[in-house]
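Below is one structure, written out as structure tokens, with a few remarks after it.
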Amino acid sequence: RRPLTQRAIATRGSSRSWPLPFRVKNHIPRLTTVPNPSLFEMPPPLPKVTDPGGIKCFLFDLDGTLCDTDPLHHEVFGDLLLKHGKHGGVRIDDAFFKTHIAGKTNEAIFPVLFPESTHEDREAMWLEKEARFRELARNKLTRLPGLTKLLRFAKANAIIVVAVTNAPRANAELMLKALGLEKAPDNFAHVVIGTECARAKPFPDPYAEGMRLAGIDARDAQRCVAFEDSPTGIASSCAAGIPTVGVMTSQTQFVLEKAGASVCIVDFEDAKLWAALD
């Protein structure tokens, strides 16, 4: 009987045969299946500013990472589904929201929630939903604790700051403006919209584009840090080879670590983050 190969061991007991994103040094693969970093035993450590080469870039998700927007999205989706008689006429709970909505694009969410509708009808519904979200978000968003300190830390250490989101551009621009992040001293160098890339999260394309815009070679991905609050986002950043911080605004540490997070934090004041970076 021949001994099992390393790949066979990694996938033994499972019918899945996934690509291994950040095992290949200095390479971002062109994945054709949805990344599943949960197969990795040990995610890479975060780079430190005191390491040779330091930290080159912080890449932040927006929704649920810079600010806790999930309650607003939950409210808006709950209203929309009730309006259309979905979910048995009962308002959705947190479990439903986390499973079917959180971190996903409208293009992925609406065919599942409204399989009987045409693409045109779904698009009209999600435009209505996003307009309602912006109406609620305009005066309700606040920075997650410690964010200002982290952004000033980035500036002091010449770390480029990029936003990488699956949110529509209108939402991203509103959130950045509402949080005071569209202008100095806390402005972002670039904003990447997942649906404007060839593929949105959970694929690596948005994070690869964020590094490209920042002038960072893909071979230096492990000199960057991503901040994400959802398994979908963590799958994307890890597939791009970037060590990732899981922000526990809505998901548990177990869920985020299973997705591939190197460190999990409550917010940006968490001592675990600063011990890992500084």
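Residue names in the structure tokens use chain letters A, B, ... in the order shown, residue numbers from 1 in each chain, and ligand numbers from 1 in the order shown.
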
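Residues within 10 Å of Ile242 in chain A, counting only C-alpha atoms and excluding same-chain residues fewer than 4 positions away, are Pro21, Phe22, Ile28, Pro43, Pro44, Pro45, Leu46, Pro47, Phe58, Leu59, Pro204, Tyr207, Ala208, Met211, Ala218, Asp220, Ala221, Gln222, Arg223, Cys224, Val225, Ala226, Phe227, Ile234, Ser236, Ser237, Cys238, Ala261 and Ser262 of chain A.
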
Based on the selection just made, write N, CA and C atoms of those residues as a PDB file, in the first residue's frame.
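Contents of selection_31.pdb, freshly written:
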ATOM      1  N   PRO A  21      -4.139  28.077  -1.461  1.00  0.00           N
ATOM      2  CA  PRO A  21      -3.745  29.422  -1.858  1.00  0.00           C
ATOM      3  C   PRO A  21      -2.394  29.887  -1.384  1.00  0.00           C
ATOM      4  N   PHE A  22      -2.143  30.020  -0.018  1.00  0.00           N
ATOM      5  CA  PHE A  22      -0.905  30.668   0.347  1.00  0.00           C
ATOM      6  C   PHE A  22       0.204  29.697   0.734  1.00  0.00           C
ATOM      7  N   ILE A  28       0.153  34.142  -6.401  1.00  0.00           N
ATOM      8  CA  ILE A  28      -1.289  34.245  -6.195  1.00  0.00           C
ATOM      9  C   ILE A  28      -1.956  33.456  -7.309  1.00  0.00           C
ATOM     10  N   PRO A  43      -2.455  29.402   9.784  1.00  0.00           N
ATOM     11  CA  PRO A  43      -2.355  30.580   8.918  1.00  0.00           C
ATOM     12  C   PRO A  43      -1.058  31.332   9.203  1.00  0.00           C
ATOM     13  N   PRO A  44      -0.596  32.162   8.273  1.00  0.00           N
ATOM     14  CA  PRO A  44       0.671  32.869   8.472  1.00  0.00           C
ATOM     15  C   PRO A  44       0.538  33.929   9.562  1.00  0.00           C
ATOM     16  N   PRO A  45       1.626  34.224  10.268  1.00  0.00           N
ATOM     17  CA  PRO A  45       1.580  35.291  11.275  1.00  0.00           C
ATOM     18  C   PRO A  45       1.491  36.654  10.599  1.00  0.00           C
ATOM     19  N   LEU A  46       1.029  37.662  11.344  1.00  0.00           N
ATOM     20  CA  LEU A  46       1.019  39.014  10.811  1.00  0.00           C
ATOM     21  C   LEU A  46       2.455  39.542  10.757  1.00  0.00           C
ATOM     22  N   PRO A  47       2.777  40.338   9.736  1.00  0.00           N
ATOM     23  CA  PRO A  47       4.085  40.986   9.736  1.00  0.00           C
ATOM     24  C   PRO A  47       4.137  42.062  10.816  1.00  0.00           C
ATOM     25  N   PHE A  58      -2.067  48.093   4.657  1.00  0.00           N
ATOM     26  CA  PHE A  58      -3.264  47.622   5.345  1.00  0.00           C
ATOM     27  C   PHE A  58      -4.406  47.650   4.327  1.00  0.00           C
ATOM     28  N   LEU A  59      -5.130  46.554   4.220  1.00  0.00           N
ATOM     29  CA  LEU A  59      -6.282  46.484   3.317  1.00  0.00           C
ATOM     30  C   LEU A  59      -7.516  46.165   4.154  1.00  0.00           C
ATOM     31  N   PRO A 204      -9.743  35.879  -4.941  1.00  0.00           N
ATOM     32  CA  PRO A 204      -8.658  36.776  -4.535  1.00  0.00           C
ATOM     33  C   PRO A 204      -8.567  38.068  -5.330  1.00  0.00           C
ATOM     34  N   TYR A 207      -8.469  41.703  -3.614  1.00  0.00           N
ATOM     35  CA  TYR A 207      -7.263  41.973  -2.824  1.00  0.00           C
ATOM     36  C   TYR A 207      -6.022  42.050  -3.706  1.00  0.00           C
ATOM     37  N   ALA A 208      -5.973  41.229  -4.745  1.00  0.00           N
ATOM     38  CA  ALA A 208      -4.861  41.341  -5.690  1.00  0.00           C
ATOM     39  C   ALA A 208      -4.866  42.714  -6.354  1.00  0.00           C
ATOM     40  N   MET A 211      -3.545  45.403  -3.880  1.00  0.00           N
ATOM     41  CA  MET A 211      -2.084  45.429  -3.825  1.00  0.00           C
ATOM     42  C   MET A 211      -1.500  46.059  -5.084  1.00  0.00           C
ATOM     43  N   ALA A 218       2.845  41.063  -5.907  1.00  0.00           N
ATOM     44  CA  ALA A 218       2.140  39.933  -5.293  1.00  0.00           C
ATOM     45  C   ALA A 218       3.061  39.087  -4.431  1.00  0.00           C
ATOM     46  N   ASP A 220       5.043  40.130  -2.329  1.00  0.00           N
ATOM     47  CA  ASP A 220       5.133  40.758  -1.005  1.00  0.00           C
ATOM     48  C   ASP A 220       3.807  40.718  -0.254  1.00  0.00           C
ATOM     49  N   ALA A 221       2.906  39.834  -0.656  1.00  0.00           N
ATOM     50  CA  ALA A 221       1.587  39.767  -0.020  1.00  0.00           C
ATOM     51  C   ALA A 221       1.689  39.551   1.487  1.00  0.00           C
ATOM     52  N   GLN A 222       2.676  38.782   1.934  1.00  0.00           N
ATOM     53  CA  GLN A 222       2.781  38.504   3.365  1.00  0.00           C
ATOM     54  C   GLN A 222       3.411  39.653   4.147  1.00  0.00           C
ATOM     55  N   ARG A 223       3.723  40.740   3.459  1.00  0.00           N
ATOM     56  CA  ARG A 223       4.139  41.973   4.125  1.00  0.00           C
ATOM     57  C   ARG A 223       2.948  42.929   4.248  1.00  0.00           C
ATOM     58  N   CYS A 224       1.761  42.448   3.935  1.00  0.00           N
ATOM     59  CA  CYS A 224       0.521  43.218   4.046  1.00  0.00           C
ATOM     60  C   CYS A 224      -0.353  42.603   5.125  1.00  0.00           C
ATOM     61  N   VAL A 225      -1.386  43.346   5.550  1.00  0.00           N
ATOM     62  CA  VAL A 225      -2.363  42.836   6.510  1.00  0.00           C
ATOM     63  C   VAL A 225      -3.754  43.205   6.015  1.00  0.00           C
ATOM     64  N   ALA A 226      -4.648  42.224   5.978  1.00  0.00           N
ATOM     65  CA  ALA A 226      -6.051  42.469   5.641  1.00  0.00           C
ATOM     66  C   ALA A 226      -6.883  42.424   6.918  1.00  0.00           C
ATOM     67  N   PHE A 227      -7.977  43.184   6.922  1.00  0.00           N
ATOM     68  CA  PHE A 227      -8.912  43.215   8.053  1.00  0.00           C
ATOM     69  C   PHE A 227     -10.294  42.879   7.519  1.00  0.00           C
ATOM     70  N   ILE A 234     -12.522  36.792   4.315  1.00  0.00           N
ATOM     71  CA  ILE A 234     -11.281  36.127   4.715  1.00  0.00           C
ATOM     72  C   ILE A 234     -10.834  35.141   3.644  1.00  0.00           C
ATOM     73  N   SER A 236     -11.192  35.522   0.527  1.00  0.00           N
ATOM     74  CA  SER A 236     -10.612  36.348  -0.532  1.00  0.00           C
ATOM     75  C   SER A 236      -9.203  36.800  -0.185  1.00  0.00           C
ATOM     76  N   SER A 237      -9.019  37.360   1.012  1.00  0.00           N
ATOM     77  CA  SER A 237      -7.704  37.879   1.384  1.00  0.00           C
ATOM     78  C   SER A 237      -6.681  36.761   1.540  1.00  0.00           C
ATOM     79  N   CYS A 238      -7.088  35.651   2.124  1.00  0.00           N
ATOM     80  CA  CYS A 238      -6.167  34.525   2.277  1.00  0.00           C
ATOM     81  C   CYS A 238      -5.792  33.926   0.920  1.00  0.00           C
ATOM     82  N   ALA A 261      -8.406  33.234   9.435  1.00  0.00           N
ATOM     83  CA  ALA A 261      -7.856  34.404  10.111  1.00  0.00           C
ATOM     84  C   ALA A 261      -6.646  34.029  10.960  1.00  0.00           C
ATOM     85  N   SER A 262      -5.610  34.872  10.904  1.00  0.00           N
ATOM     86  CA  SER A 262      -4.398  34.655  11.703  1.00  0.00           C
ATOM     87  C   SER A 262      -4.600  35.108  13.142  1.00  0.00           C
TER      88      SER A 262
END

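For range 117-241 of chain A, backbone-based DSSP assignment of strand (DSSP E) covers Ile160, Val161, Val162, Ala163, Val164, Thr165, His190, Val191, Val192, Ile193, Cys224, Val225, Ala226, Phe227 and Glu228 of chain A.
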
Exercise for the section: Write out as a list of chain:residue names the residues lying within 6 Å of Thr165 in chain A, counting only C-alpha atoms and excluding same-chain residues fewer than 2 positions away. Expected result: A:Asp61, A:Leu62, A:Ala167, A:Ile193, A:Gly194

Suppose we keep C-alpha atoms; can you now write the selection as an mmCIF file, in the first residue's frame?
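Once everything was written out, this is part_22.cif:
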data_model
loop_
_atom_site.group_PDB
_atom_site.id
_atom_site.type_symbol
_atom_site.label_atom_id
_atom_site.label_comp_id
_atom_site.auth_asym_id
_atom_site.auth_seq_id
_atom_site.Cartn_x
_atom_site.Cartn_y
_atom_site.Cartn_z
ATOM 1 C CA ASP A 61 -13.056 45.605 4.300
ATOM 2 C CA LEU A 62 -15.754 48.246 4.950
ATOM 3 C CA ALA A 167 -20.345 46.847 -1.315
ATOM 4 C CA ILE A 193 -15.059 47.454 -5.393
ATOM 5 C CA GLY A 194 -15.311 43.673 -5.652
#

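Each of A:Arg152, A:Arg143, A:Lys104, A:Arg219 was compared to Lys201 in chain A using only C-alpha atoms, and A:Lys104 turns out to be the nearest.
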
Exercise for the section: Skip Ala156 in chain A itself and residues of its chain fewer than 4 positions away, then list as JSON, numbers by chain all residues within 12 Å of it, counting only C-alpha atoms. Expected result: {"A": [49, 55, 149, 150, 151, 152, 160, 161, 185, 186]}

Problem - Residues of range 51-210 of chain A in helix (DSSP H, G or I), written as number ranges by chain - result: A: 70-83, 87-89, 94-100, 106-113, 119-137, 147-156, 169-178, 194-196, 205-210

Handout entry: Selection: 10 Å around range 86-101 of chain A, only C-alpha atoms, excl. self and same-chain fewer than 3 positions, as a ChimeraX atom specification
Key = /A:70-71,73-75,77-83,104-106,108-110,112-114,230-231,250-251

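Across the structure, CA of Lys129 in chain A and CA of Asp63 in chain A are spaced 15.1 Å apart.
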
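Summary of the local environment: counting only C-alpha atoms, residues at most 8 Å from His190 in chain A, other than itself and those fewer than 6 positions away along its chain, are Val161, Val162, Ala163, Gly210, Leu213 and Ala214 of chain A.
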
Residues from last step as file, C-alpha atoms, as a short mmCIF file (atom, residue, chain, number, x, y, z; two decimals), in the first residue's frame:
data_model
loop_
_atom_site.label_atom_id
_atom_site.label_comp_id
_atom_site.auth_asym_id
_atom_site.auth_seq_id
_atom_site.Cartn_x
_atom_site.Cartn_y
_atom_site.Cartn_z
CA VAL A 161 -4.14 52.07 3.42
CA VAL A 162 -6.62 50.57 0.92
CA ALA A 163 -10.34 49.74 1.17
CA GLY A 210 -5.74 46.43 -3.98
CA LEU A 213 -3.02 49.81 -6.97
CA ALA A 214 -0.77 50.27 -3.94
#

Problem - Shell of 8 Å around range 130-141 of chain A, only C-alpha atoms, local chain residues under 5 positions omitted, as a list of chain:residue names - result: A:Cys67, A:Asp68, A:Thr69, A:Leu72, A:His73, A:Val76, A:Asn171, A:Leu174, A:Met175, A:Ala178, A:Leu179

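Taking CA of Phe268 in chain A and CA of Leu147 in chain A as the two end points, the separation is 5.6 Å.
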
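The smallest atom-to-atom distance between Met125 in chain A and any of A:Ile159, A:His84, A:Ala239, A:Val191, using only C-alpha atoms, is found for A:His84.
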